[in-house]
Structures are given as C-alpha cells and as structure tokens.
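Text of model-v3.pdb (PDB, C-alpha atoms (C1' of nucleotides)) as supplied:
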```pdb
ATOM      1  CA  MET Z  29       0.000   0.000   0.000
ATOM      2  CA  ARG Z  30       1.275   3.413  -0.903
ATOM      3  CA  ALA Z  31       2.505   5.619   1.872
ATOM      4  CA  HIS Z  32       0.210   8.334   3.156
ATOM      5  CA  PRO Z  33       1.319  10.834   5.768
ATOM      6  CA  GLY Z  34      -0.840  10.633   8.828
ATOM      7  CA  MET Z  35      -3.007   7.951   7.337
ATOM      8  CA  PRO Z  36      -5.198   6.048   9.731
ATOM      9  CA  HIS Z  37      -4.226   2.548  10.628
ATOM     10  CA  ASP Z  38      -7.692   1.391  11.435
ATOM     11  CA  ARG Z  39     -10.675   2.022  13.572
ATOM     12  CA  ILE Z  40      -9.997   1.419  17.195
ATOM     13  CA  PRO Z  41     -11.958  -1.715  18.041
ATOM     14  CA  GLY Z  42     -14.346  -1.560  20.929
ATOM     15  CA  THR Z  43     -16.294   1.440  19.728
ATOM     16  CA  ALA Z  44     -19.728   0.490  18.493
ATOM     17  CA  LEU Z  45     -21.104   2.295  15.482
ATOM     18  CA  THR Z  46     -24.095   3.705  17.284
ATOM     19  CA  PRO Z  47     -26.612   5.850  15.417
ATOM     20  CA  GLN Z  48     -25.161   8.898  17.184
ATOM     21  CA  LEU Z  49     -21.676   8.053  15.996
ATOM     22  CA  LEU Z  50     -23.011   7.423  12.508
ATOM     23  CA  GLU Z  51     -24.396  10.964  12.553
ATOM     24  CA  LEU Z  52     -20.966  12.398  13.218
ATOM     25  CA  ILE Z  53     -19.479  10.225  10.509
ATOM     26  CA  ALA Z  54     -22.210  11.242   8.084
ATOM     27  CA  ALA Z  55     -21.517  14.917   8.720
ATOM     28  CA  ARG Z  56     -17.920  14.395   7.659
ATOM     29  CA  PHE Z  57     -18.822  12.371   4.592
ATOM     30  CA  LYS Z  58     -21.293  15.063   3.678
ATOM     31  CA  ALA Z  59     -18.492  17.612   3.824
ATOM     32  CA  LEU Z  60     -16.589  15.483   1.321
ATOM     33  CA  GLY Z  61     -19.683  15.152  -0.830
ATOM     34  CA  GLU Z  62     -19.212  18.468  -2.521
ATOM     35  CA  PRO Z  63     -16.951  18.853  -5.580
ATOM     36  CA  ALA Z  64     -15.924  22.363  -4.571
ATOM     37  CA  ARG Z  65     -14.667  21.195  -1.188
ATOM     38  CA  LEU Z  66     -12.890  18.226  -2.737
ATOM     39  CA  ARG Z  67     -11.131  20.630  -5.078
ATOM     40  CA  ILE Z  68     -10.039  22.688  -2.083
ATOM     41  CA  LEU Z  69      -8.771  19.630  -0.236
ATOM     42  CA  HIS Z  70      -7.037  18.430  -3.359
ATOM     43  CA  ALA Z  71      -5.322  21.782  -3.706
ATOM     44  CA  LEU Z  72      -4.072  21.455  -0.128
ATOM     45  CA  ARG Z  73      -2.361  18.217  -1.074
ATOM     46  CA  SER Z  74       0.788  20.154  -1.914
ATOM     47  CA  GLY Z  75       0.858  22.062   1.354
ATOM     48  CA  GLU Z  76      -0.768  24.965   3.126
ATOM     49  CA  LYS Z  77      -2.305  27.735   1.056
ATOM     50  CA  SER Z  78      -3.941  31.082   1.630
ATOM     51  CA  VAL Z  79      -7.588  31.737   0.880
ATOM     52  CA  SER Z  80      -6.599  33.654  -2.234
ATOM     53  CA  ASP Z  81      -4.525  30.723  -3.431
ATOM     54  CA  LEU Z  82      -7.413  28.365  -2.843
ATOM     55  CA  MET Z  83      -9.869  30.621  -4.631
ATOM     56  CA  GLN Z  84      -7.821  30.316  -7.752
ATOM     57  CA  ALA Z  85      -6.960  26.649  -7.371
ATOM     58  CA  ALA Z  86     -10.547  25.591  -6.769
ATOM     59  CA  GLN Z  87     -12.091  28.152  -9.103
ATOM     60  CA  LEU Z  88     -14.422  29.617  -6.504
ATOM     61  CA  SER Z  89     -15.465  33.112  -5.488
ATOM     62  CA  GLN Z  90     -13.905  34.637  -2.409
ATOM     63  CA  ALA Z  91     -17.036  34.393  -0.289
ATOM     64  CA  ASN Z  92     -17.683  30.873  -1.444
ATOM     65  CA  THR Z  93     -14.152  29.753  -0.721
ATOM     66  CA  SER Z  94     -14.263  31.222   2.744
ATOM     67  CA  LYS Z  95     -17.576  29.616   3.546
ATOM     68  CA  HIS Z  96     -16.395  26.184   2.468
ATOM     69  CA  LEU Z  97     -13.251  26.626   4.516
ATOM     70  CA  GLN Z  98     -15.261  27.567   7.605
ATOM     71  CA  ARG Z  99     -17.195  24.386   7.218
ATOM     72  CA  LEU Z 100     -14.148  22.200   6.752
ATOM     73  CA  HIS Z 101     -12.522  23.886   9.726
ATOM     74  CA  GLY Z 102     -15.600  23.473  11.880
ATOM     75  CA  LEU Z 103     -15.489  19.751  11.273
ATOM     76  CA  GLY Z 104     -11.785  19.628  12.040
ATOM     77  CA  LEU Z 105     -10.785  18.590   8.549
ATOM     78  CA  VAL Z 106      -8.473  21.564   8.010
ATOM     79  CA  GLU Z 107      -6.470  23.786  10.335
ATOM     80  CA  ARG Z 108      -5.462  27.397   9.907
ATOM     81  CA  ARG Z 109      -2.724  29.816  10.754
ATOM     82  CA  ARG Z 110      -2.811  33.574  10.523
ATOM     83  CA  ASP Z 111       0.083  35.528   9.110
ATOM     84  CA  GLY Z 112      -0.653  39.201   8.797
ATOM     85  CA  LEU Z 113      -3.431  39.751   6.343
ATOM     86  CA  HIS Z 114      -3.296  36.190   5.085
ATOM     87  CA  VAL Z 115      -4.833  33.092   6.587
ATOM     88  CA  PHE Z 116      -3.161  29.853   5.609
ATOM     89  CA  TYR Z 117      -5.124  26.637   5.625
ATOM     90  CA  ARG Z 118      -3.722  23.144   5.722
ATOM     91  CA  LEU Z 119      -5.061  19.620   5.992
ATOM     92  CA  ALA Z 120      -5.639  18.537   9.581
ATOM     93  CA  ASP Z 121      -4.083  15.190   8.686
ATOM     94  CA  GLY Z 122      -3.493  12.955   5.722
ATOM     95  CA  SER Z 123      -6.400  10.658   6.379
ATOM     96  CA  VAL Z 124      -8.765  12.860   4.413
ATOM     97  CA  LEU Z 125      -6.729  12.504   1.259
ATOM     98  CA  TYR Z 126      -6.388   8.845   1.998
ATOM     99  CA  LEU Z 127     -10.167   8.532   2.046
ATOM    100  CA  CYS Z 128     -10.392  10.356  -1.271
ATOM    101  CA  ASP Z 129      -7.815   8.075  -2.805
ATOM    102  CA  LEU Z 130      -9.654   5.027  -1.554
ATOM    103  CA  MET Z 131     -12.942   6.272  -2.941
ATOM    104  CA  CYS Z 132     -11.217   7.035  -6.182
ATOM    105  CA  GLY Z 133      -9.761   3.550  -6.322
ATOM    106  CA  ARG Z 134     -13.151   2.100  -5.590
ATOM    107  CA  LEU Z 135     -14.638   4.147  -8.403
ATOM    108  CA  GLU Z 136     -11.989   3.017 -10.848
ATOM    109  CA  ARG Z 137     -12.646  -0.618 -10.078
ATOM    110  CA  GLN Z 138     -16.354  -0.016 -10.423
ATOM    111  CA  LEU Z 139     -15.972   1.665 -13.806
ATOM    112  CA  ASP Z 140     -13.672  -1.106 -14.960
ATOM    113  CA  ALA Z 141     -16.255  -3.673 -13.936
ATOM    114  CA  ASP Z 142     -18.942  -1.758 -15.814
ATOM    115  CA  ARG Z 143     -16.777  -1.695 -18.914
ATOM    116  CA  GLU Z 144     -16.387  -5.457 -18.707
ATOM    117  CA  LEU Z 145     -20.082  -5.786 -19.494
ATOM    118  CA  PHE Z 146     -19.540  -4.392 -22.976
ATOM    119  CA  ARG Z 147     -16.620  -6.542 -24.024
TER
ATOM    120  CA  MET K  21      -4.371  -3.702   9.705
ATOM    121  CA  ARG K  22      -7.568  -5.559  10.276
ATOM    122  CA  ALA K  23      -8.885  -7.669   7.439
ATOM    123  CA  HIS K  24     -11.684  -6.275   5.321
ATOM    124  CA  PRO K  25     -13.318  -8.373   2.636
ATOM    125  CA  GLY K  26     -12.959  -6.753  -0.737
ATOM    126  CA  MET K  27     -11.157  -3.781   0.708
ATOM    127  CA  PRO K  28      -9.314  -1.584  -1.742
ATOM    128  CA  HIS K  29      -5.586  -1.830  -1.867
ATOM    129  CA  ASP K  30      -5.036   1.646  -3.128
ATOM    130  CA  ARG K  31      -5.839   4.007  -5.896
ATOM    131  CA  ILE K  32      -4.390   2.919  -9.176
ATOM    132  CA  PRO K  33      -1.638   5.415  -9.874
ATOM    133  CA  GLY K  34      -1.703   7.200 -13.182
ATOM    134  CA  THR K  35      -5.222   8.526 -12.889
ATOM    135  CA  ALA K  36      -5.262  12.243 -12.233
ATOM    136  CA  LEU K  37      -7.885  13.613  -9.891
ATOM    137  CA  THR K  38      -9.492  15.834 -12.455
ATOM    138  CA  PRO K  39     -12.453  18.024 -11.528
ATOM    139  CA  GLN K  40     -14.702  15.604 -13.425
ATOM    140  CA  LEU K  41     -13.406  12.667 -11.436
ATOM    141  CA  LEU K  42     -13.819  14.642  -8.237
ATOM    142  CA  GLU K  43     -17.482  15.095  -9.142
ATOM    143  CA  LEU K  44     -17.979  11.360  -9.318
ATOM    144  CA  ILE K  45     -16.144  10.903  -6.052
ATOM    145  CA  ALA K  46     -18.196  13.644  -4.421
ATOM    146  CA  ALA K  47     -21.440  11.986  -5.514
ATOM    147  CA  ARG K  48     -20.413   8.850  -3.657
ATOM    148  CA  PHE K  49     -19.292  10.693  -0.544
ATOM    149  CA  LYS K  50     -22.579  12.549  -0.603
ATOM    150  CA  ALA K  51     -24.401   9.232  -0.585
ATOM    151  CA  LEU K  52     -22.464   8.325   2.553
ATOM    152  CA  GLY K  53     -23.246  11.712   4.065
ATOM    153  CA  GLU K  54     -26.671  10.723   5.261
ATOM    154  CA  PRO K  55     -27.165   8.962   8.613
ATOM    155  CA  ALA K  56     -30.093   6.929   7.303
ATOM    156  CA  ARG K  57     -28.014   5.495   4.478
ATOM    157  CA  LEU K  58     -25.111   4.786   6.798
ATOM    158  CA  ARG K  59     -27.498   2.876   9.043
ATOM    159  CA  ILE K  60     -28.617   0.842   6.046
ATOM    160  CA  LEU K  61     -25.052   0.096   5.007
ATOM    161  CA  HIS K  62     -24.163  -0.762   8.573
ATOM    162  CA  ALA K  63     -27.075  -3.182   8.725
ATOM    163  CA  LEU K  64     -25.759  -4.874   5.578
ATOM    164  CA  ARG K  65     -22.493  -5.563   7.353
ATOM    165  CA  SER K  66     -23.851  -8.915   8.511
ATOM    166  CA  GLY K  67     -24.979  -9.970   5.036
ATOM    167  CA  GLU K  68     -27.749  -9.413   2.543
ATOM    168  CA  LYS K  69     -31.135  -8.297   3.792
ATOM    169  CA  SER K  70     -34.581  -7.670   2.374
ATOM    170  CA  VAL K  71     -36.129  -4.231   2.256
ATOM    171  CA  SER K  72     -38.388  -5.160   5.157
ATOM    172  CA  ASP K  73     -35.390  -6.227   7.215
ATOM    173  CA  LEU K  74     -33.618  -2.965   6.435
ATOM    174  CA  MET K  75     -36.674  -0.893   7.296
ATOM    175  CA  GLN K  76     -36.576  -2.280  10.777
ATOM    176  CA  ALA K  77     -32.814  -2.250  11.176
ATOM    177  CA  ALA K  78     -32.450   1.349  10.033
ATOM    178  CA  GLN K  79     -35.707   2.564  11.544
ATOM    179  CA  LEU K  80     -37.087   3.999   8.337
ATOM    180  CA  SER K  81     -40.427   3.966   6.580
ATOM    181  CA  GLN K  82     -40.908   1.574   3.698
ATOM    182  CA  ALA K  83     -40.941   4.296   1.061
ATOM    183  CA  ASN K  84     -37.942   5.989   2.574
ATOM    184  CA  THR K  85     -35.965   2.775   2.785
ATOM    185  CA  SER K  86     -36.690   1.954  -0.829
ATOM    186  CA  LYS K  87     -35.700   5.382  -2.024
ATOM    187  CA  HIS K  88     -32.383   5.296  -0.206
ATOM    188  CA  LEU K  89     -31.726   1.849  -1.607
ATOM    189  CA  GLN K  90     -32.433   3.036  -5.142
ATOM    190  CA  ARG K  91     -29.891   5.753  -4.678
ATOM    191  CA  LEU K  92     -27.242   3.455  -3.249
ATOM    192  CA  HIS K  93     -27.892   1.007  -6.053
ATOM    193  CA  GLY K  94     -27.722   3.701  -8.707
ATOM    194  CA  LEU K  95     -24.260   4.615  -7.497
ATOM    195  CA  GLY K  96     -23.198   0.992  -7.455
ATOM    196  CA  LEU K  97     -22.704   0.850  -3.715
ATOM    197  CA  VAL K  98     -25.159  -2.014  -3.196
ATOM    198  CA  GLU K  99     -26.391  -4.840  -5.383
ATOM    199  CA  ARG K 100     -29.713  -6.634  -5.341
ATOM    200  CA  ARG K 101     -31.254  -9.984  -5.988
ATOM    201  CA  ARG K 102     -34.908 -10.778  -6.364
ATOM    202  CA  ASP K 103     -36.426 -13.829  -4.734
ATOM    203  CA  GLY K 104     -40.156 -13.984  -5.187
ATOM    204  CA  LEU K 105     -41.779 -11.090  -3.443
ATOM    205  CA  HIS K 106     -38.611 -10.121  -1.628
ATOM    206  CA  VAL K 107     -35.686  -8.123  -2.894
ATOM    207  CA  PHE K 108     -32.434  -8.748  -1.103
ATOM    208  CA  TYR K 109     -29.780  -6.069  -1.013
ATOM    209  CA  ARG K 110     -26.132  -6.556  -0.265
ATOM    210  CA  LEU K 111     -22.984  -4.440  -0.246
ATOM    211  CA  ALA K 112     -21.360  -4.215  -3.657
ATOM    212  CA  ASP K 113     -18.009  -4.738  -1.948
ATOM    213  CA  GLY K 114     -16.337  -4.272   1.389
ATOM    214  CA  SER K 115     -14.632  -1.031   0.517
ATOM    215  CA  VAL K 116     -17.647   0.991   1.591
ATOM    216  CA  LEU K 117     -17.503  -0.366   5.111
ATOM    217  CA  TYR K 118     -13.784   0.109   5.038
ATOM    218  CA  LEU K 119     -14.275   3.793   4.278
ATOM    219  CA  CYS K 120     -16.742   4.084   7.139
ATOM    220  CA  ASP K 121     -14.333   2.428   9.518
ATOM    221  CA  LEU K 122     -11.555   4.744   8.440
ATOM    222  CA  MET K 123     -13.728   7.797   8.890
ATOM    223  CA  CYS K 124     -14.764   6.483  12.265
ATOM    224  CA  GLY K 125     -11.164   5.957  13.270
ATOM    225  CA  ARG K 126     -10.341   9.451  12.090
ATOM    226  CA  LEU K 127     -13.185  10.816  14.178
ATOM    227  CA  GLU K 128     -12.046   8.955  17.262
ATOM    228  CA  ARG K 129      -8.560  10.353  16.977
ATOM    229  CA  GLN K 130      -9.990  13.814  16.437
ATOM    230  CA  LEU K 131     -12.186  13.583  19.508
ATOM    231  CA  ASP K 132      -9.285  12.260  21.544
ATOM    232  CA  ALA K 133      -7.173  15.181  20.425
ATOM    233  CA  ASP K 134      -9.948  17.581  21.374
ATOM    234  CA  ARG K 135     -10.169  16.019  24.816
ATOM    235  CA  GLU K 136      -6.455  16.538  25.275
ATOM    236  CA  LEU K 137      -7.080  20.266  25.314
ATOM    237  CA  PHE K 138      -8.987  19.986  28.578
ATOM    238  CA  ARG K 139      -6.496  17.897  30.509
TER
ATOM    239  C1'  DT T  18      -5.952  57.871  12.554
ATOM    240  C1'  DC T  19      -7.111  56.860   7.735
ATOM    241  C1'  DC T  20      -6.919  53.821   3.868
ATOM    242  C1'  DC T  21      -6.284  49.558   1.523
ATOM    243  C1'  DA T  22      -5.978  44.557   1.115
ATOM    244  C1'  DA T  23      -7.380  39.842   2.791
ATOM    245  C1'  DT T  24     -10.793  37.378   4.885
ATOM    246  C1'  DA T  25     -15.267  36.650   7.103
ATOM    247  C1'  DT T  26     -20.146  37.230   7.489
ATOM    248  C1'  DA T  27     -25.037  38.595   6.205
ATOM    249  C1'  DA T  28     -28.971  38.558   3.175
ATOM    250  C1'  DT T  29     -31.068  36.528  -0.598
ATOM    251  C1'  DC T  30     -32.392  33.147  -4.009
ATOM    252  C1'  DG T  31     -32.646  28.787  -6.343
ATOM    253  C1'  DT T  32     -32.179  23.939  -6.132
ATOM    254  C1'  DA T  33     -31.677  19.378  -4.163
ATOM    255  C1'  DT T  34     -33.489  16.153  -1.243
ATOM    256  C1'  DA T  35     -35.274  13.787   3.077
ATOM    257  C1'  DG T  36     -39.504  12.454   4.868
ATOM    258  C1'  DC T  37     -44.398  11.780   4.446
ATOM    259  C1'  DT T  38     -48.830   9.909   2.280
ATOM    260  C1'  DA T  39     -50.868   7.817  -1.353
ATOM    261  C1'  DT T  40     -50.650   5.040  -5.263
ATOM    262  C1'  DA T  41     -48.623   1.911  -8.550
ATOM    263  C1'  DT T  42     -46.133  -2.197  -9.813
ATOM    264  C1'  DA T  43     -44.508  -7.026  -9.271
ATOM    265  C1'  DC T  44     -45.043 -11.500  -7.673
ATOM    266  C1'  DG T  45     -47.119 -15.688  -5.443
ATOM    267  C1'  DC T  46     -51.153 -18.067  -4.644
ATOM    268  C1'  DA T  47     -55.940 -19.608  -4.710
TER
ATOM    269  C1'  DT J  11     -58.365 -13.927 -12.936
ATOM    270  C1'  DG J  12     -58.659 -11.918  -8.423
ATOM    271  C1'  DC J  13     -56.376 -11.018  -3.969
ATOM    272  C1'  DG J  14     -52.805 -10.087  -0.599
ATOM    273  C1'  DT J  15     -47.967  -8.940   0.268
ATOM    274  C1'  DA J  16     -43.443  -6.755  -0.799
ATOM    275  C1'  DT J  17     -41.347  -3.199  -3.119
ATOM    276  C1'  DA J  18     -41.162   0.899  -6.038
ATOM    277  C1'  DT J  19     -42.663   5.389  -7.404
ATOM    278  C1'  DA J  20     -45.270   9.925  -7.531
ATOM    279  C1'  DG J  21     -46.636  14.149  -5.361
ATOM    280  C1'  DC J  22     -46.011  17.191  -1.668
ATOM    281  C1'  DT J  23     -43.768  20.058   1.983
ATOM    282  C1'  DA J  24     -40.056  21.583   4.764
ATOM    283  C1'  DT J  25     -35.351  22.176   5.188
ATOM    284  C1'  DA J  26     -30.467  22.363   4.087
ATOM    285  C1'  DC J  27     -27.248  24.425   1.461
ATOM    286  C1'  DG J  28     -24.535  26.279  -2.593
ATOM    287  C1'  DA J  29     -23.809  30.491  -5.239
ATOM    288  C1'  DT J  30     -24.073  35.393  -5.501
ATOM    289  C1'  DT J  31     -23.884  40.248  -3.941
ATOM    290  C1'  DA J  32     -23.115  43.357  -0.510
ATOM    291  C1'  DT J  33     -21.180  44.544   3.801
ATOM    292  C1'  DA J  34     -18.353  43.892   7.911
ATOM    293  C1'  DT J  35     -14.073  42.730  10.217
ATOM    294  C1'  DT J  36      -9.192  42.345  10.725
ATOM    295  C1'  DG J  37      -4.485  43.712  10.200
ATOM    296  C1'  DG J  38      -0.621  46.455   8.014
ATOM    297  C1'  DG J  39       1.306  50.649   6.436
ATOM    298  C1'  DA J  40       1.287  55.770   5.475
TER
END
```

Let's see the structure in the file written out as structure tokens.
Amino acid sequence: MRAHPGMPHDRIPGTALTPQLLELIAARFKALGEPARLRILHALRSGEKSVSDLMQAAQLSQANTSKHLQRLHGLGLVERRRDGLHVFYRLADGSVLYLCDLMCGRLERQLDADRELFR
Amino acid sequence: MRAHPGMPHDRIPGTALTPQLLELIAARFKALGEPARLRILHALRSGEKSVSDLMQAAQLSQANTSKHLQRLHGLGLVERRRDGLHVFYRLADGSVLYLCDLMCGRLERQLDADRELFR
DNA sequence: TCCCAATATAATCGTATAGCTATATACGCA
DNA sequence: TGCGTATATAGCTATACGATTATATTGGGA
C-alpha cells in the first residue's frame, strides 16, 4: 500500500457504530460530498495555502471559498494559521486525502467492472 | 491492519484527480453523508437483507428505505437480488464499510485530540 | 488615525433532497 | 383472474445548502 502521511491505521476496536456516531461520521462524509470542497482539499495536497490561493486553485469566489473553509474547519478537517493579512489553511491530517484516494480507487474498479459488461 | 473483505488496496496510480473525477467521487461521498443510508449500510455488514429487514434495522419507513436503496444502487454501492416477493440487497463490496471504519477511526482520533485540550 | 488589502459574514435566491402519504407495480397463490 | 404482500414510485412540503452580492471585520502601512 502506498505511503500516506498521517493515514489512519484502522478504527480502534471496541467502539460500536451507534446511530449517534453514525451521525458524526455522516456529517464528515457530507463535507466530502461536494466537488468544490474536494477541489479545495485536493489543492491542499501540496501544502498549506492562503484563501486567495485556494480561490484560484478551486475556481471559486472569495465568499464561497471562505464559507467552504469555515465548514471544513468546523469539522476539524483543516487547520489554519494567521500571518498578517493572510490566513493559511492546511489539511488537519493525511487521512482525508487517503479517504479520497480510496474512494477514487473504488470508483476506478467499479468503472472497470462496468466496462467489462460491454466486451 | 484488520482484514476487510474486498477492501481496496489503493488508488491505481496514473489517474489524475481531475475536476470531473472529483465530481464522481463527491457523488459517492454525498451518498455516505446521510445517517439513514449509513445505518442501512451498517445493517448490511452482517450480510444481505430484504427491504423489510432494512426498514426495521435502520428505523425507516418503507418508502424511505426503498428510495435510499435506489440511490445506493444507482451509485453501485449495493447490489440486489430478487427472490419472489422479496428483494435482497447486499454491499457491492467491502470497501464501503472500510471507508466508514476509516472515517470512524479518524473521528475517534480527532475527539481524543480535542479532549487533550482539557487535561 | 485613515486607507487599503485579505478574509469573514449577512442577506437573498434557487435547487436538491429527506420524509411523508398515497398510489402503482410485481409477484405468489388460490 | 382476483387477492394479498413486498417493493417501487409519484406528489407534496419543509429544510439544508450552494452560489451570488453586498457589507463587515481584521491587520498592516502611510
């Protein structure tokens, strides 16, 4: 398996997936369920970036970028650091990208399987 | 790492995460971003189940259960099999549960880190 | 203190969708 | 063919939320 910085090793056993816990998990998946936010997270792959940087990278308006970042920050998916006028955002850890890569891999296998039907 | 049936090994390198691909990925994360659907998927952990079974397990109305299942099926996250009057649904593969477990593990670490602040 | 740049927030609008109720479809059986 | 059960779908309402525009806040420099 390819190396991922800060990737999770696994769920800590002993914690039941109660409906309440599933709600918290769903909130985080929902945050990833938006192309604009995935573009932001993808842009952060190469390191921390200012809001202006992210606007351009993710092709979003300033207000829109900021709002998405507030949401990601509120869920603890990104962290921030102020430096003068600029605010730099970075991934809270690598597990988010890891999840994206896994979903991407899953999608690729699914599309491959679909293609098999037409051979 | 704990064993997961059908778990992904990794994303196949060479595929760029284009905005279009991110849209497809986002659609799948969005499907996971709903507690009701996570409850359904969680209920399928122990094997295939009929719609009636899932209604009860996920505490949803019949119509609601069916609609969520249509959506999960449309995205290829679950598969189905008809047997007389019943329709049995099952997970398309184990990678979905694997993603949930990873997100859960991520959440646990996050909550632990938050708790550290109050020690 | 005043002004400008970077970021955050407020107000608004349009759309997507979860849940509900009612109805339709599919299947087994008499 | 008619009936009952399991599942799917249609129509509706309320809500969440993404995008936009306008305004507010924050910090640095003159």

Report as a PyMOL selection string the full result of the PyMOL selection byres ((chain T) within 12 of (chain K)) when it is applied to this structure. chain T and resi 33-40+42-46

Using all atoms listed in the file, pick whichever of Z:Asp121, Z:Glu76, Z:Glu51, Z:Asp81 has the shortest atom-to-atom distance to chain K. Z:Glu51

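Restricting the calculation to only C-alpha atoms (C1' of nucleotides), the smallest distance between chain J and any of Z:Thr93, Z:His70, Z:Ser123, Z:Ser78 is found for Z:Thr93.
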
Proximal residues of chain J relative to chain Z (all atoms listed in the file; 9 Å) as a ChimeraX atom specification: /J:28-30,36-38

List the residues selected by the PyMOL selection byres ((chain K) within 10 of (chain Z)) in the file shown, writing them as a ChimeraX atom specification. /K:21-23,27-33,35-59,62,78,95-97,112-116,118-131,134

With C-alpha atoms retained, write the just-selected residues as an mmCIF file, in the frame of the given file.
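Saved result, selection24.cif, follows:
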```cif
data_model
loop_
_atom_site.group_PDB
_atom_site.id
_atom_site.type_symbol
_atom_site.label_atom_id
_atom_site.label_comp_id
_atom_site.auth_asym_id
_atom_site.auth_seq_id
_atom_site.Cartn_x
_atom_site.Cartn_y
_atom_site.Cartn_z
ATOM 1 C CA MET K 21 -4.371 -3.702 9.705
ATOM 2 C CA ARG K 22 -7.568 -5.559 10.276
ATOM 3 C CA ALA K 23 -8.885 -7.669 7.439
ATOM 4 C CA MET K 27 -11.157 -3.781 0.708
ATOM 5 C CA PRO K 28 -9.314 -1.584 -1.742
ATOM 6 C CA HIS K 29 -5.586 -1.830 -1.867
ATOM 7 C CA ASP K 30 -5.036 1.646 -3.128
ATOM 8 C CA ARG K 31 -5.839 4.007 -5.896
ATOM 9 C CA ILE K 32 -4.390 2.919 -9.176
ATOM 10 C CA PRO K 33 -1.638 5.415 -9.874
ATOM 11 C CA THR K 35 -5.222 8.526 -12.889
ATOM 12 C CA ALA K 36 -5.262 12.243 -12.233
ATOM 13 C CA LEU K 37 -7.885 13.613 -9.891
ATOM 14 C CA THR K 38 -9.492 15.834 -12.455
ATOM 15 C CA PRO K 39 -12.453 18.024 -11.528
ATOM 16 C CA GLN K 40 -14.702 15.604 -13.425
ATOM 17 C CA LEU K 41 -13.406 12.667 -11.436
ATOM 18 C CA LEU K 42 -13.819 14.642 -8.237
ATOM 19 C CA GLU K 43 -17.482 15.095 -9.142
ATOM 20 C CA LEU K 44 -17.979 11.360 -9.318
ATOM 21 C CA ILE K 45 -16.144 10.903 -6.052
ATOM 22 C CA ALA K 46 -18.196 13.644 -4.421
ATOM 23 C CA ALA K 47 -21.440 11.986 -5.514
ATOM 24 C CA ARG K 48 -20.413 8.850 -3.657
ATOM 25 C CA PHE K 49 -19.292 10.693 -0.544
ATOM 26 C CA LYS K 50 -22.579 12.549 -0.603
ATOM 27 C CA ALA K 51 -24.401 9.232 -0.585
ATOM 28 C CA LEU K 52 -22.464 8.325 2.553
ATOM 29 C CA GLY K 53 -23.246 11.712 4.065
ATOM 30 C CA GLU K 54 -26.671 10.723 5.261
ATOM 31 C CA PRO K 55 -27.165 8.962 8.613
ATOM 32 C CA ALA K 56 -30.093 6.929 7.303
ATOM 33 C CA ARG K 57 -28.014 5.495 4.478
ATOM 34 C CA LEU K 58 -25.111 4.786 6.798
ATOM 35 C CA ARG K 59 -27.498 2.876 9.043
ATOM 36 C CA HIS K 62 -24.163 -0.762 8.573
ATOM 37 C CA ALA K 78 -32.450 1.349 10.033
ATOM 38 C CA LEU K 95 -24.260 4.615 -7.497
ATOM 39 C CA GLY K 96 -23.198 0.992 -7.455
ATOM 40 C CA LEU K 97 -22.704 0.850 -3.715
ATOM 41 C CA ALA K 112 -21.360 -4.215 -3.657
ATOM 42 C CA ASP K 113 -18.009 -4.738 -1.948
ATOM 43 C CA GLY K 114 -16.337 -4.272 1.389
ATOM 44 C CA SER K 115 -14.632 -1.031 0.517
ATOM 45 C CA VAL K 116 -17.647 0.991 1.591
ATOM 46 C CA TYR K 118 -13.784 0.109 5.038
ATOM 47 C CA LEU K 119 -14.275 3.793 4.278
ATOM 48 C CA CYS K 120 -16.742 4.084 7.139
ATOM 49 C CA ASP K 121 -14.333 2.428 9.518
ATOM 50 C CA LEU K 122 -11.555 4.744 8.440
ATOM 51 C CA MET K 123 -13.728 7.797 8.890
ATOM 52 C CA CYS K 124 -14.764 6.483 12.265
ATOM 53 C CA GLY K 125 -11.164 5.957 13.270
ATOM 54 C CA ARG K 126 -10.341 9.451 12.090
ATOM 55 C CA LEU K 127 -13.185 10.816 14.178
ATOM 56 C CA GLU K 128 -12.046 8.955 17.262
ATOM 57 C CA ARG K 129 -8.560 10.353 16.977
ATOM 58 C CA GLN K 130 -9.990 13.814 16.437
ATOM 59 C CA LEU K 131 -12.186 13.583 19.508
ATOM 60 C CA ASP K 134 -9.948 17.581 21.374
#
```

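The spacing separating C1' of DT29 in chain T from CA of Val115 in chain Z amounts to 27.4 Å.
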
Considering all atoms listed in the file, return as a compact mmCIF listing (two decimals) with C-alpha atoms (C1' of nucleotides), in the frame of the given file whatever protein or nucleic-acid residues lie within 8 Å of DA25 in chain T, sequence-local ones (same chain, fewer than 5 positions apart) excluded.
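See out18.txt below for the written result:
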```txt
# COMPACT_ATOMS: atom_id res chain seq x y z
CA ALA Z 91 -17.04 34.39 -0.29
CA SER Z 94 -14.26 31.22 2.74
C1' DA J 34 -18.35 43.89 7.91
C1' DT J 35 -14.07 42.73 10.22
```

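Shortest atom-to-atom contact with Leu89 in chain K among J:DA40, J:DC27, J:DA32, J:DA18: J:DA18, counting only C-alpha atoms (C1' of nucleotides).
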
Compile the contact shell of Gln84 in chain Z as an NGL selection string: residues with an atom at most 10 Å away, counting all atoms listed in the file, same-chain residues fewer than 6 positions apart removed. :Z and (68 or 71 or 90 or 93)

Which residues match the PyMOL selection byres ((chain J and resi 13) around 9) in the file above, as a VMD selection string? (chain T and resid 46 to 47) or (chain J and resid 12 14)

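The spacing separating CA of Arg108 in chain Z from CA of Leu72 in chain Z amounts to 11.7 Å.
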